[in-house]
>>> print(open('my_file_12.csv').read())   # CSV, C-alpha atoms and all ligand atoms
chain,number,residue,atom,x,y,z
A,1,MET,CA,33.1,-0.7,23.0
A,2,ARG,CA,35.2,-1.6,20.0
A,3,ASP,CA,38.5,0.2,19.4
A,4,ALA,CA,38.0,2.5,16.3
A,5,ALA,CA,41.6,1.7,15.2
A,6,LEU,CA,40.6,-2.0,15.1
A,7,THR,CA,37.4,-1.3,13.2
A,8,ALA,CA,39.4,0.6,10.6
A,9,LEU,CA,41.6,-2.4,10.0
A,10,LEU,CA,38.7,-4.8,9.7
A,11,ASP,CA,36.9,-2.6,7.3
A,12,ALA,CA,39.9,-2.9,5.0
A,13,ALA,CA,40.2,-6.7,5.3
A,14,SER,CA,40.2,-8.7,2.0
A,15,ALA,CA,39.1,-12.3,1.4
A,16,GLY,CA,42.5,-13.6,2.8
A,17,PRO,CA,44.3,-15.7,3.6
A,18,GLY,CA,44.9,-13.3,6.4
A,19,LEU,CA,46.0,-12.9,10.0
A,20,ILE,CA,45.0,-10.3,12.5
A,21,VAL,CA,47.2,-9.9,15.5
A,22,LEU,CA,45.4,-8.9,18.7
A,23,ASP,CA,46.6,-7.8,22.1
A,24,GLU,CA,45.1,-6.4,25.2
A,25,ASN,CA,43.6,-3.4,23.3
A,26,GLN,CA,41.1,-5.6,21.6
A,27,SER,CA,39.2,-7.1,24.6
A,28,THR,CA,35.7,-6.5,23.3
A,29,GLY,CA,33.5,-6.5,20.3
A,30,LEU,CA,35.5,-8.4,17.7
A,31,PRO,CA,33.1,-9.2,14.7
A,32,PRO,CA,33.2,-12.5,12.9
A,33,PRO,CA,36.1,-13.1,10.5
A,34,PRO,CA,35.6,-11.7,7.0
A,35,SER,CA,36.0,-15.2,5.5
A,36,PRO,CA,37.0,-18.7,6.6
A,37,HIS,CA,40.6,-17.9,5.4
A,38,TRP,CA,41.2,-15.6,8.3
A,39,ARG,CA,43.0,-16.4,11.5
A,40,ALA,CA,43.9,-14.5,14.6
A,41,LEU,CA,46.9,-14.6,16.9
A,42,CYS,CA,46.8,-13.2,20.4
A,43,ASN,CA,48.9,-13.2,23.6
A,44,ARG,CA,46.0,-12.7,26.0
A,45,SER,CA,43.8,-15.6,27.0
A,46,ASP,CA,40.6,-13.4,27.5
A,47,VAL,CA,41.0,-11.8,24.1
A,48,ALA,CA,41.7,-15.1,22.5
A,49,GLN,CA,38.5,-16.6,24.1
A,50,ALA,CA,36.5,-13.7,22.9
A,51,ALA,CA,37.8,-14.0,19.4
A,52,GLN,CA,37.1,-17.8,19.4
A,53,ALA,CA,33.6,-17.0,20.6
A,54,ALA,CA,33.2,-14.6,17.6
A,55,GLY,CA,34.1,-17.4,15.2
A,56,TRP,CA,37.8,-16.8,14.7
A,57,HIS,CA,40.4,-19.5,14.6
A,58,CYS,CA,42.6,-17.9,17.2
A,59,GLU,CA,45.9,-19.1,18.6
A,60,CYS,CA,47.0,-17.8,22.0
A,61,ASN,CA,50.8,-17.6,22.6
A,62,ASP,CA,53.5,-15.0,23.1
A,63,PHE,CA,53.4,-13.9,19.4
A,64,ASP,CA,55.0,-17.0,18.0
A,65,PHE,CA,54.3,-17.0,14.3
A,66,SER,CA,55.8,-20.4,13.5
A,67,ALA,CA,52.4,-22.0,12.7
A,68,THR,CA,51.2,-19.1,10.6
A,69,PRO,CA,50.7,-20.0,6.9
A,70,PRO,CA,51.7,-17.6,4.1
A,71,LEU,CA,49.5,-14.5,4.1
A,72,ARG,CA,47.9,-12.2,1.5
A,73,GLN,CA,47.1,-9.7,4.3
A,74,GLY,CA,48.3,-9.1,7.8
A,75,LEU,CA,46.4,-6.7,10.1
A,76,TYR,CA,47.9,-5.2,13.1
A,77,ARG,CA,46.5,-2.6,15.5
A,78,LEU,CA,49.6,-1.1,17.1
A,79,SER,CA,50.6,-2.4,20.5
A,80,LYS,CA,51.8,-0.2,23.4
A,81,GLU,CA,55.3,-1.6,23.8
A,82,LYS,CA,57.7,-0.7,21.0
A,83,ARG,CA,59.6,-4.0,21.0
A,84,VAL,CA,56.3,-6.0,20.8
A,85,ALA,CA,55.2,-3.8,17.8
A,86,GLU,CA,58.5,-4.2,16.0
A,87,HIS,CA,58.5,-8.0,16.5
A,88,VAL,CA,54.9,-8.4,15.3
A,89,LEU,CA,55.4,-6.2,12.3
A,90,GLN,CA,58.6,-8.0,11.2
A,91,ALA,CA,56.9,-11.4,11.7
A,92,LEU,CA,53.9,-10.4,9.7
A,93,TRP,CA,56.1,-9.1,6.9
A,94,ASP,CA,58.1,-12.3,6.8
A,95,LYS,CA,54.8,-14.3,6.4
A,96,LEU,CA,53.5,-12.1,3.6
A,97,GLU,CA,53.5,-13.5,0.1
A,98,ILE,CA,54.8,-11.3,-2.7
A,99,ALA,CA,52.0,-8.8,-3.6
A,100,GLY,CA,50.6,-9.3,-0.1
A,101,GLU,CA,50.0,-6.3,2.2
A,102,LEU,CA,50.4,-5.3,5.7
A,103,LEU,CA,47.9,-2.9,7.3
A,104,LEU,CA,48.8,-1.0,10.4
A,105,SER,CA,46.5,1.1,12.4
A,106,GLY,CA,46.8,3.3,15.5
A,107,TYR,CA,46.7,6.8,16.8
A,108,LYS,CA,49.1,9.6,16.0
A,109,GLN,CA,50.1,10.0,19.6
A,110,GLU,CA,50.9,6.3,19.8
A,111,GLY,CA,53.6,6.7,17.2
A,112,VAL,CA,51.9,4.8,14.4
A,113,LYS,CA,53.3,7.2,11.7
A,114,THR,CA,56.9,6.9,12.8
A,115,LEU,CA,56.7,3.1,13.0
A,116,ALA,CA,55.0,2.7,9.6
A,117,SER,CA,57.7,5.0,8.0
A,118,ARG,CA,60.5,3.1,9.7
A,119,ALA,CA,59.2,-0.2,8.6
A,120,ALA,CA,58.7,0.9,5.0
A,121,ALA,CA,62.2,2.4,4.9
A,122,ALA,CA,63.7,-0.9,6.3
A,123,TRP,CA,62.0,-3.1,3.8
A,124,GLY,CA,62.2,-0.8,0.7
A,125,SER,CA,58.4,-0.4,0.7
A,126,THR,CA,56.1,2.7,1.0
A,127,ALA,CA,53.8,3.5,3.9
A,128,GLU,CA,50.7,4.6,2.2
A,129,LEU,CA,48.2,6.5,4.5
A,130,THR,CA,44.9,5.0,3.4
A,131,ARG,CA,42.8,6.5,6.2
A,132,GLY,CA,43.5,9.5,8.4
A,133,GLU,CA,40.5,10.6,10.5
A,134,GLY,CA,41.5,13.0,13.3
A,135,HIS,CA,44.3,11.2,15.1
A,136,LEU,CA,43.5,7.7,13.8
A,137,HIS,CA,45.8,6.5,11.0
A,138,LEU,CA,45.7,3.4,8.8
A,139,TYR,CA,48.8,2.6,6.8
A,140,ARG,CA,49.2,0.1,4.0
A,141,LEU,CA,52.7,-1.5,3.1
A,142,ARG,CA,52.8,-3.6,0.0
A,143,LYS,CA,55.4,-6.4,-0.4
A,144,THR,CA,57.0,-6.4,-3.8
A,145,THR,CA,60.2,-8.3,-3.2
A,146,GLU,CA,61.7,-10.5,-0.5
A,147,THR,CA,64.3,-8.7,1.5
A,148,ALA,CA,66.7,-9.7,4.2
A,149,ALA,CA,66.6,-6.2,5.7
A,150,ARG,CA,65.1,-6.2,9.3
A,151,LEU,CA,63.1,-3.6,11.1
A,152,THR,CA,64.6,-4.9,14.3
A,153,HIS,CA,67.6,-7.1,15.2
A,154,SER,CA,66.6,-7.8,18.8
A,155,ASP,CA,65.2,-11.2,19.7
A,156,TYR,CA,61.7,-10.6,21.1
A,157,HIS,CA,61.6,-14.1,22.7
A,158,ALA,CA,64.9,-13.8,24.5
A,159,LEU,CA,64.8,-13.9,28.3
A,160,HIS,CA,66.9,-11.3,30.1
A,161,LEU,CA,68.4,-11.2,33.5
A,162,ILE,CA,66.9,-8.0,34.9
A,163,GLY,CA,68.0,-8.0,38.6
A,164,GLU,CA,67.8,-9.7,41.8
A,165,TRP,CA,65.4,-9.8,44.8
A,166,GLU,CA,66.8,-11.1,48.1
A,167,GLY,CA,69.3,-13.3,46.4
A,168,LEU,CA,66.9,-14.6,43.8
A,169,LEU,CA,67.8,-13.7,40.2
A,170,LEU,CA,64.9,-12.4,38.1
A,171,TRP,CA,64.5,-13.3,34.5
A,172,SER,CA,62.1,-11.4,32.2
A,173,LYS,CA,61.3,-10.4,28.7
A,174,HIS,CA,59.6,-7.8,26.5
A,175,GLY,CA,55.8,-7.9,26.5
A,176,ILE,CA,55.3,-8.2,30.3
A,177,PHE,CA,54.3,-5.5,32.8
A,178,ALA,CA,57.4,-3.5,34.1
A,179,TRP,CA,59.4,-6.2,32.4
A,180,ASP,CA,62.9,-4.8,33.1
A,181,ARG,CA,62.5,-3.8,36.7
A,182,ILE,CA,60.9,-4.4,40.1
A,183,ASP,CA,57.8,-2.3,40.1
A,184,ASP,CA,57.8,0.2,43.1
A,185,GLY,CA,54.2,-0.9,44.0
A,186,SER,CA,55.2,-4.6,44.1
A,187,ARG,CA,58.3,-3.7,46.1
A,188,LEU,CA,56.1,-2.0,48.8
A,189,LEU,CA,53.8,-5.0,48.9
A,190,LEU,CA,56.8,-7.3,49.3
A,191,GLU,CA,58.0,-5.2,52.3
A,192,HIS,CA,54.7,-6.0,54.1
A,193,LEU,CA,54.5,-9.7,53.2
A,194,PRO,CA,56.5,-11.2,56.1
A,195,SER,CA,54.7,-9.2,58.8
A,196,ALA,CA,51.3,-9.9,57.3
A,197,LEU,CA,52.1,-13.6,57.3
A,198,ALA,CA,53.6,-13.7,60.8
A,199,HIS,CA,50.8,-11.7,62.3
A,200,ARG,CA,47.8,-13.3,60.6
A,201,HIS,CA,49.0,-16.9,60.7
A,202,ALA,CA,50.6,-16.7,64.1
A,203,GLY,CA,48.7,-19.9,65.1
A,204,GLN,CA,49.9,-21.7,62.1
A,205,ARG,CA,53.7,-21.4,62.4
A,206,ASP,CA,54.5,-23.8,59.6
A,207,ALA,CA,54.4,-21.8,56.3
A,208,ALA,CA,54.6,-25.1,54.5
A,209,ALA,CA,51.0,-25.7,55.5
A,210,LEU,CA,49.8,-22.5,53.8
A,211,SER,CA,48.7,-22.0,50.2
A,212,ALA,CA,48.9,-18.7,48.3
A,213,LEU,CA,48.0,-17.2,44.9
A,214,ASP,CA,49.7,-14.5,42.9
A,215,LEU,CA,46.8,-13.0,40.9
A,216,GLY,CA,48.2,-11.2,37.8
A,217,CYS,CA,51.7,-12.6,38.3
A,218,GLY,CA,53.6,-10.7,35.5
A,219,TYR,CA,57.1,-12.3,35.4
A,220,GLY,CA,56.4,-13.9,38.8
A,221,LEU,CA,58.1,-11.7,41.4
A,222,LEU,CA,55.4,-12.0,44.0
A,223,ALA,CA,55.1,-15.8,43.4
A,224,LEU,CA,58.9,-16.2,43.9
A,225,ALA,CA,58.6,-14.2,47.1
A,226,LEU,CA,55.8,-16.4,48.3
A,227,GLY,CA,58.0,-19.5,47.6
A,228,LYS,CA,60.9,-17.9,49.4
A,229,GLN,CA,58.7,-17.5,52.5
A,230,GLY,CA,58.4,-21.3,52.5
A,231,ILE,CA,54.7,-21.4,51.6
A,232,GLY,CA,53.8,-25.0,50.7
A,233,ARG,CA,51.6,-24.4,47.7
A,234,VAL,CA,52.0,-21.4,45.4
A,235,LEU,CA,49.7,-20.7,42.5
A,236,ALA,CA,50.4,-17.9,40.0
A,237,THR,CA,48.1,-16.8,37.1
A,238,ASP,CA,48.0,-14.2,34.4
A,239,ASN,CA,46.1,-13.7,31.1
A,240,ASN,CA,49.4,-12.9,29.3
A,241,ALA,CA,51.1,-15.9,27.6
A,242,ALA,CA,54.5,-14.3,28.0
A,243,ALA,CA,54.0,-13.7,31.7
A,244,VAL,CA,53.0,-17.3,32.4
A,245,HIS,CA,56.0,-18.6,30.5
A,246,VAL,CA,58.5,-16.4,32.3
A,247,THR,CA,56.9,-17.0,35.8
A,248,ALA,CA,57.3,-20.8,35.2
A,249,HIS,CA,60.9,-20.2,34.2
A,250,ASN,CA,61.7,-18.1,37.2
A,251,LEU,CA,60.1,-20.5,39.6
A,252,ALA,CA,62.0,-23.4,38.1
A,253,GLN,CA,65.3,-21.8,38.8
A,254,TYR,CA,65.3,-22.5,42.5
A,255,ALA,CA,64.8,-25.5,44.7
A,256,LEU,CA,62.1,-23.6,46.7
A,257,PRO,CA,60.4,-25.9,49.2
A,258,GLY,CA,56.8,-25.6,48.0
A,259,SER,CA,54.9,-26.9,45.0
A,260,PHE,CA,54.1,-24.4,42.2
A,261,GLN,CA,51.5,-24.2,39.5
A,262,VAL,CA,51.3,-21.4,36.9
A,263,ILE,CA,48.1,-20.9,35.0
A,264,LEU,CA,47.1,-18.9,31.9
A,265,ASP,CA,43.7,-17.5,32.6
A,266,ASP,CA,41.4,-14.5,32.6
A,267,CYS,CA,41.2,-13.2,36.1
A,268,ALA,CA,41.6,-16.7,37.6
A,269,SER,CA,38.2,-17.6,36.3
A,270,SER,CA,39.0,-21.3,35.9
A,271,LEU,CA,40.5,-21.6,39.5
A,272,ASN,CA,38.4,-23.1,42.3
A,273,GLU,CA,41.1,-23.8,44.8
A,274,ARG,CA,40.8,-21.5,47.8
A,275,VAL,CA,44.0,-20.2,49.4
A,276,ASP,CA,45.2,-18.8,52.7
A,277,LEU,CA,46.9,-15.8,51.1
A,278,LEU,CA,46.3,-13.9,47.8
A,279,VAL,CA,48.7,-11.2,46.6
A,280,CYS,CA,47.9,-8.8,43.8
A,281,ASN,CA,49.2,-5.8,42.1
A,282,PRO,CA,46.1,-5.4,39.8
A,283,PRO,CA,46.3,-4.0,36.3
A,284,PHE,CA,45.4,-0.4,36.1
A,285,HIS,CA,45.9,0.1,32.4
A,286,GLN,CA,44.5,-2.2,29.7
A,287,GLY,CA,46.5,-1.5,26.5
A,288,PHE,CA,46.2,2.3,26.0
A,289,ALA,CA,43.1,2.7,28.2
A,290,VAL,CA,42.7,3.2,31.9
A,291,GLU,CA,40.5,0.4,33.1
A,292,GLY,CA,38.4,0.5,36.3
A,293,ALA,CA,36.2,-2.5,35.6
A,294,LEU,CA,39.3,-4.8,35.7
A,295,THR,CA,40.0,-3.8,39.3
A,296,ASP,CA,36.5,-4.8,40.3
A,297,ARG,CA,37.0,-8.2,38.6
A,298,PHE,CA,40.3,-8.7,40.5
A,299,LEU,CA,38.6,-7.9,43.8
A,300,ALA,CA,35.7,-10.2,43.1
A,301,ALA,CA,38.2,-13.0,42.2
A,302,ALA,CA,40.1,-12.4,45.4
A,303,GLY,CA,36.8,-12.6,47.4
A,304,ARG,CA,36.0,-15.9,45.7
A,305,LEU,CA,39.4,-17.5,46.0
A,306,ILE,CA,40.5,-16.8,49.6
A,307,LYS,CA,39.5,-19.2,52.4
A,308,PRO,CA,36.9,-17.7,54.9
A,309,LYS,CA,39.8,-17.0,57.3
A,310,GLY,CA,42.2,-16.1,54.5
A,311,GLN,CA,43.7,-12.7,53.6
A,312,ALA,CA,44.5,-10.7,50.5
A,313,LEU,CA,47.2,-8.1,50.0
A,314,PHE,CA,46.5,-5.6,47.2
A,315,VAL,CA,48.9,-2.8,46.1
A,316,VAL,CA,47.5,0.1,44.0
A,317,ASN,CA,48.3,3.6,43.1
A,318,ALA,CA,47.6,5.8,46.2
A,319,PHE,CA,45.0,7.8,44.4
A,320,ILE,CA,42.8,4.8,43.5
A,321,PRO,CA,39.8,4.6,45.9
A,322,LEU,CA,40.2,0.8,46.2
A,323,GLU,CA,39.0,0.8,49.9
A,324,ARG,CA,35.4,1.6,48.8
A,325,LYS,CA,35.2,-1.1,46.2
A,326,ALA,CA,37.1,-3.6,48.4
A,327,ALA,CA,34.5,-3.0,51.2
A,328,GLU,CA,31.8,-4.4,48.9
A,329,VAL,CA,33.7,-7.7,48.7
A,330,PHE,CA,35.5,-7.9,52.1
A,331,SER,CA,34.1,-7.1,55.6
A,332,GLU,CA,37.6,-6.0,56.8
A,333,VAL,CA,39.7,-3.6,54.9
A,334,LYS,CA,42.8,-2.1,56.4
A,335,THR,CA,45.5,0.1,54.9
A,336,LEU,CA,48.9,-1.4,55.8
A,337,ALA,CA,51.1,1.2,54.1
A,338,ASN,CA,50.7,4.4,52.0
A,339,ASN,CA,53.8,6.1,50.7
A,340,ARG,CA,51.7,8.6,48.7
A,341,ARG,CA,52.6,6.8,45.5
A,342,PHE,CA,51.3,3.4,46.4
A,343,LYS,CA,49.2,1.9,49.1
A,344,VAL,CA,49.0,-1.7,50.4
A,345,LEU,CA,45.6,-2.9,51.5
A,346,HIS,CA,44.9,-5.9,53.7
A,347,LEU,CA,41.6,-7.5,52.9
A,348,SER,CA,39.9,-10.2,55.0
A,349,GLN,CA,36.6,-11.8,55.8
A,350,PRO,CA,35.2,-12.2,52.3
A,351,ARG,CA,31.5,-11.4,52.4
A,352,GLY,CA,30.5,-14.3,50.2
A,353,ALA,CA,32.2,-16.8,52.6
A,354,ARG,CA,29.2,-17.2,54.8
A,355,THR,CA,27.0,-18.3,52.0
A,356,ARG,CA,29.4,-20.8,50.3
A,401,LIG,C1,50.4,-4.4,37.6
A,401,LIG,S1,50.8,-5.9,36.8
A,401,LIG,C2,51.6,-6.8,38.2
A,401,LIG,C3,52.5,-7.9,37.7
A,401,LIG,C4,53.3,-8.6,38.8
A,401,LIG,N1,52.4,-9.2,39.8
A,401,LIG,C5,54.3,-7.7,39.4
A,401,LIG,O1,54.2,-7.4,40.6
A,401,LIG,O2,55.3,-7.3,38.8
A,401,LIG,C6,49.3,-6.6,36.5
A,401,LIG,C7,49.3,-8.0,35.8
A,401,LIG,O3,47.9,-8.4,35.6
A,401,LIG,C8,47.8,-9.0,34.4
A,401,LIG,N2,46.5,-9.0,33.8
A,401,LIG,C9,45.8,-8.0,33.2
A,401,LIG,N3,44.6,-8.4,32.9
A,401,LIG,C10,44.4,-9.6,33.4
A,401,LIG,C11,43.3,-10.6,33.4
A,401,LIG,N4,42.2,-10.2,32.8
A,401,LIG,N5,43.5,-11.7,34.0
A,401,LIG,C12,44.7,-12.1,34.6
A,401,LIG,N6,45.8,-11.2,34.6
A,401,LIG,C13,45.6,-10.0,34.0
A,401,LIG,C14,48.8,-8.3,33.5
A,401,LIG,O4,49.2,-9.1,32.4
A,401,LIG,C15,49.9,-8.0,34.5
A,401,LIG,O5,50.9,-9.0,34.4
>>> encode(input="my_file_12.csv", output="structure tokens")
Amino acid sequence: MRDAALTALLDAASAGPGLIVLDENQSTGLPPPPSPHWRALCNRSDVAQAAQAAGWHCECNDFDFSATPPLRQGLYRLSKEKRVAEHVLQALWDKLEIAGELLLSGYKQEGVKTLASRAAAAWGSTAELTRGEGHLHLYRLRKTTETAARLTHSDYHALHLIGEWEGLLLWSKHGIFAWDRIDDGSRLLLEHLPSALAHRHAGQRDAAALSALDLGCGYGLLALALGKQGIGRVLATDNNAAAVHVTAHNLAQYALPGSFQVILDDCASSLNERVDLLVCNPPFHQGFAVEGALTDRFLAAAGRLIKPKGQALFVVNAFIPLERKAAEVFSEVKTLANNRRFKVLHLSQPRGARTR
């Protein structure tokens, strides 16, 4: 189902040249571009693929506007993270020609009004409310002069040192899940990683002989941990261009013994290499929405990508009934830990293994 805030934007699109900025909110139902003079820019590989399939010239990167030509119109459906939103708005404004306009849509509770007003005040423009149905708002900001004034002075692309895990320094940036901390769910999974490895692969003492996949890697914490366990081949994948970039950066910091590959992909759909161990903290939210279908896709990918005798560790919020869904994909489902906030499930014997 298409997001109504996105529809409102597209209804207001002119002949261009224009750019629409997409993120994880816009995963389905993008119509064809209003004219050949329109482009899209997106940080998510699945959304970019859907836009391309709908006929858009769509670049997929971490909101890098360097290849964007001058614009008559910039369209943006507000993103969840404030720093992402500020960066995108400023970059669109910088690309606008004089007399060009920026259209911003979103819901009242998402803070669209505040951001539109702040941007207008920073640039000496006016945030004109052109549509306001219920909680959905659409603002228009016209550019009449060039100004050096900025909505934000922070560098969106900068990497930040956010902490340390077992002696490994962690770098991260805005635009990534739990970007400035170690997620409590991921931490719980990490606590159970060594014992799961030792127990399950007791016959295979040499970790270097094992392969592993971090599915939905974020900034790469779990992939780093797999490397630190001495696993010989570590794959990490995410659909977020920022996540893939930072994971590769984090893995390159250390002379870990294994080989590493980081892949931008939608739910590992291009991967065919089966692994001994898969670790995953699946996404629960997609943009502003709570997304159950994604969990199913992550489970299916895990069932497809582990070896017949391989294992998967999933961590999810304790209230999510993952066991039931996991049992459709795996014959063996065990709860390794449940601290009432998060639980770690051990999944093995993928049901499809016998037929492949
Ligand atoms: C809960 S986070 C876990 C991140 C990381 N593993 C950690 O522990 O900090 C889930 C990750 O899944 C990614 N993701 C969401 N949808 C995806 C998709 N369709 N394909 C691949 N990754 C996706 C998100 O970008 C996010 O990085």
>>> residues_around(input="my_file_12.csv", residues="Leu256 (chain A)", least_positions_apart="3", cutoff="10 Å", atoms="all atoms listed in the file", output="list in words")
Leu224, Leu226, Gly227, Lys228, Gln229, Gly230, Ile231, Gly232, Leu251, Ala252, Gln253, Ser259 and Phe260 of chain A
>>> closest_residue(input="my_file_12.csv", among="A:Leu313, A:Ala5, A:Leu347, A:Leu92", to="Ala326 (chain A)", atoms="all atoms listed in the file")
A:Leu347
>>> residues_near_ligand(input="my_file_12.csv", ligand="ligand LIG 401 (chain A)", cutoff="7 Å", atoms="only C-alpha atoms and all ligand atoms", output="mmCIF file with C-alpha atoms, in the frame of the given file")
data_model
loop_
_atom_site.group_PDB
_atom_site.id
_atom_site.type_symbol
_atom_site.label_atom_id
_atom_site.label_comp_id
_atom_site.auth_asym_id
_atom_site.auth_seq_id
_atom_site.Cartn_x
_atom_site.Cartn_y
_atom_site.Cartn_z
ATOM 1 C CA ASP A 46 40.600 -13.400 27.500
ATOM 2 C CA ILE A 176 55.300 -8.200 30.300
ATOM 3 C CA PHE A 177 54.300 -5.500 32.800
ATOM 4 C CA ALA A 178 57.400 -3.500 34.100
ATOM 5 C CA ILE A 182 60.900 -4.400 40.100
ATOM 6 C CA ASP A 183 57.800 -2.300 40.100
ATOM 7 C CA SER A 186 55.200 -4.600 44.100
ATOM 8 C CA ASP A 214 49.700 -14.500 42.900
ATOM 9 C CA LEU A 215 46.800 -13.000 40.900
ATOM 10 C CA GLY A 216 48.200 -11.200 37.800
ATOM 11 C CA CYS A 217 51.700 -12.600 38.300
ATOM 12 C CA GLY A 218 53.600 -10.700 35.500
ATOM 13 C CA TYR A 219 57.100 -12.300 35.400
ATOM 14 C CA GLY A 220 56.400 -13.900 38.800
ATOM 15 C CA LEU A 221 58.100 -11.700 41.400
ATOM 16 C CA LEU A 222 55.400 -12.000 44.000
ATOM 17 C CA THR A 237 48.100 -16.800 37.100
ATOM 18 C CA ASP A 238 48.000 -14.200 34.400
ATOM 19 C CA ASN A 239 46.100 -13.700 31.100
ATOM 20 C CA ASN A 240 49.400 -12.900 29.300
ATOM 21 C CA ALA A 243 54.000 -13.700 31.700
ATOM 22 C CA ASP A 265 43.700 -17.500 32.600
ATOM 23 C CA ASP A 266 41.400 -14.500 32.600
ATOM 24 C CA CYS A 267 41.200 -13.200 36.100
ATOM 25 C CA ALA A 268 41.600 -16.700 37.600
ATOM 26 C CA CYS A 280 47.900 -8.800 43.800
ATOM 27 C CA ASN A 281 49.200 -5.800 42.100
ATOM 28 C CA PRO A 282 46.100 -5.400 39.800
ATOM 29 C CA PRO A 283 46.300 -4.000 36.300
ATOM 30 C CA PHE A 284 45.400 -0.400 36.100
ATOM 31 C CA GLN A 286 44.500 -2.200 29.700
ATOM 32 C CA LEU A 294 39.300 -4.800 35.700
#
>>> axis_aligned_box(input="my_file_12.csv", around="region 252-263 of chain A", padding_each_side="6 Å", output="lines of an AutoDock Vina configuration file")
center_x = 56.7
center_y = -23.9
center_z = 42.1
size_x = 29.2
size_y = 18.0
size_z = 26.2
>>> residues_near_point(input="my_file_12.csv", point="(39.3, -17.2, 7.0)", cutoff="10 Å", atoms="all atoms listed in the file", output="count of residues only")
18
>>> residues_around(input="my_file_12.csv", residues="Asp184 (chain A)", least_positions_apart="6", cutoff="10 Å", atoms="only C-alpha atoms", output="PyMOL selection string")
chain A and resi 178+190+315+341-342
>>> residues_near_point(input="my_file_12.csv", point="(27.3, -6.6, 52.4)", cutoff="10 Å", atoms="only C-alpha atoms", output="JSON, numbers by chain")
{"A": [327, 328, 329, 330, 331, 350, 351, 352]}
>>> closest_residue(input="my_file_12.csv", among="A:Lys307, A:Lys80, A:Lys325, A:His87", to="Leu210 (chain A)", atoms="only C-alpha atoms")
A:Lys307
>>> atom_distance(input="my_file_12.csv", atom1="CA of Leu264 (chain A)", atom2="CA of Lys173 (chain A)")
16.9 Å
>>> closest_residue(input="my_file_12.csv", among="A:Leu188, A:Leu129, A:Ala54, A:Leu277", to="Asn338 (chain A)", atoms="only C-alpha atoms")
A:Leu188
>>> build_atoms(input="my_file_12.csv", residues="region 293-303 of chain A", atoms="N, CA, C and O atoms", output="JSON list (two decimals), in the coordinates of the input")
[["chain", "number", "residue", "atom", "x", "y", "z"],
["A", 293, "ALA", "N", 37.01, -1.30, 35.47],
["A", 293, "ALA", "CA", 36.20, -2.50, 35.60],
["A", 293, "ALA", "C", 37.12, -3.72, 35.95],
["A", 293, "ALA", "O", 36.72, -4.65, 36.65],
["A", 294, "LEU", "N", 38.36, -3.67, 35.46],
["A", 294, "LEU", "CA", 39.30, -4.80, 35.70],
["A", 294, "LEU", "C", 39.58, -4.91, 37.21],
["A", 294, "LEU", "O", 39.66, -6.01, 37.74],
["A", 295, "THR", "N", 39.74, -3.77, 37.87],
["A", 295, "THR", "CA", 40.00, -3.80, 39.30],
["A", 295, "THR", "C", 38.88, -4.48, 40.04],
["A", 295, "THR", "O", 39.10, -5.29, 40.95],
["A", 296, "ASP", "N", 37.65, -4.18, 39.64],
["A", 296, "ASP", "CA", 36.50, -4.80, 40.30],
["A", 296, "ASP", "C", 36.55, -6.34, 40.09],
["A", 296, "ASP", "O", 36.26, -7.10, 41.00],
["A", 297, "ARG", "N", 36.94, -6.76, 38.89],
["A", 297, "ARG", "CA", 37.00, -8.20, 38.60],
["A", 297, "ARG", "C", 38.10, -8.86, 39.45],
["A", 297, "ARG", "O", 37.96, -9.97, 39.91],
["A", 298, "PHE", "N", 39.21, -8.15, 39.63],
["A", 298, "PHE", "CA", 40.30, -8.70, 40.50],
["A", 298, "PHE", "C", 39.86, -8.83, 41.91],
["A", 298, "PHE", "O", 40.17, -9.81, 42.59],
["A", 299, "LEU", "N", 39.12, -7.81, 42.39],
["A", 299, "LEU", "CA", 38.60, -7.90, 43.80],
["A", 299, "LEU", "C", 37.65, -9.02, 43.96],
["A", 299, "LEU", "O", 37.71, -9.77, 44.93],
["A", 300, "ALA", "N", 36.75, -9.17, 42.98],
["A", 300, "ALA", "CA", 35.70, -10.20, 43.10],
["A", 300, "ALA", "C", 36.45, -11.60, 43.06],
["A", 300, "ALA", "O", 36.09, -12.51, 43.82],
["A", 301, "ALA", "N", 37.49, -11.75, 42.22],
["A", 301, "ALA", "CA", 38.20, -13.00, 42.20],
["A", 301, "ALA", "C", 38.89, -13.28, 43.52],
["A", 301, "ALA", "O", 38.88, -14.41, 44.02],
["A", 302, "ALA", "N", 39.44, -12.23, 44.13],
["A", 302, "ALA", "CA", 40.10, -12.40, 45.40],
["A", 302, "ALA", "C", 39.07, -12.84, 46.48],
["A", 302, "ALA", "O", 39.33, -13.76, 47.27],
["A", 303, "GLY", "N", 37.88, -12.22, 46.46],
["A", 303, "GLY", "CA", 36.80, -12.60, 47.40],
["A", 303, "GLY", "C", 36.42, -14.04, 47.25],
["A", 303, "GLY", "O", 36.14, -14.74, 48.23]]
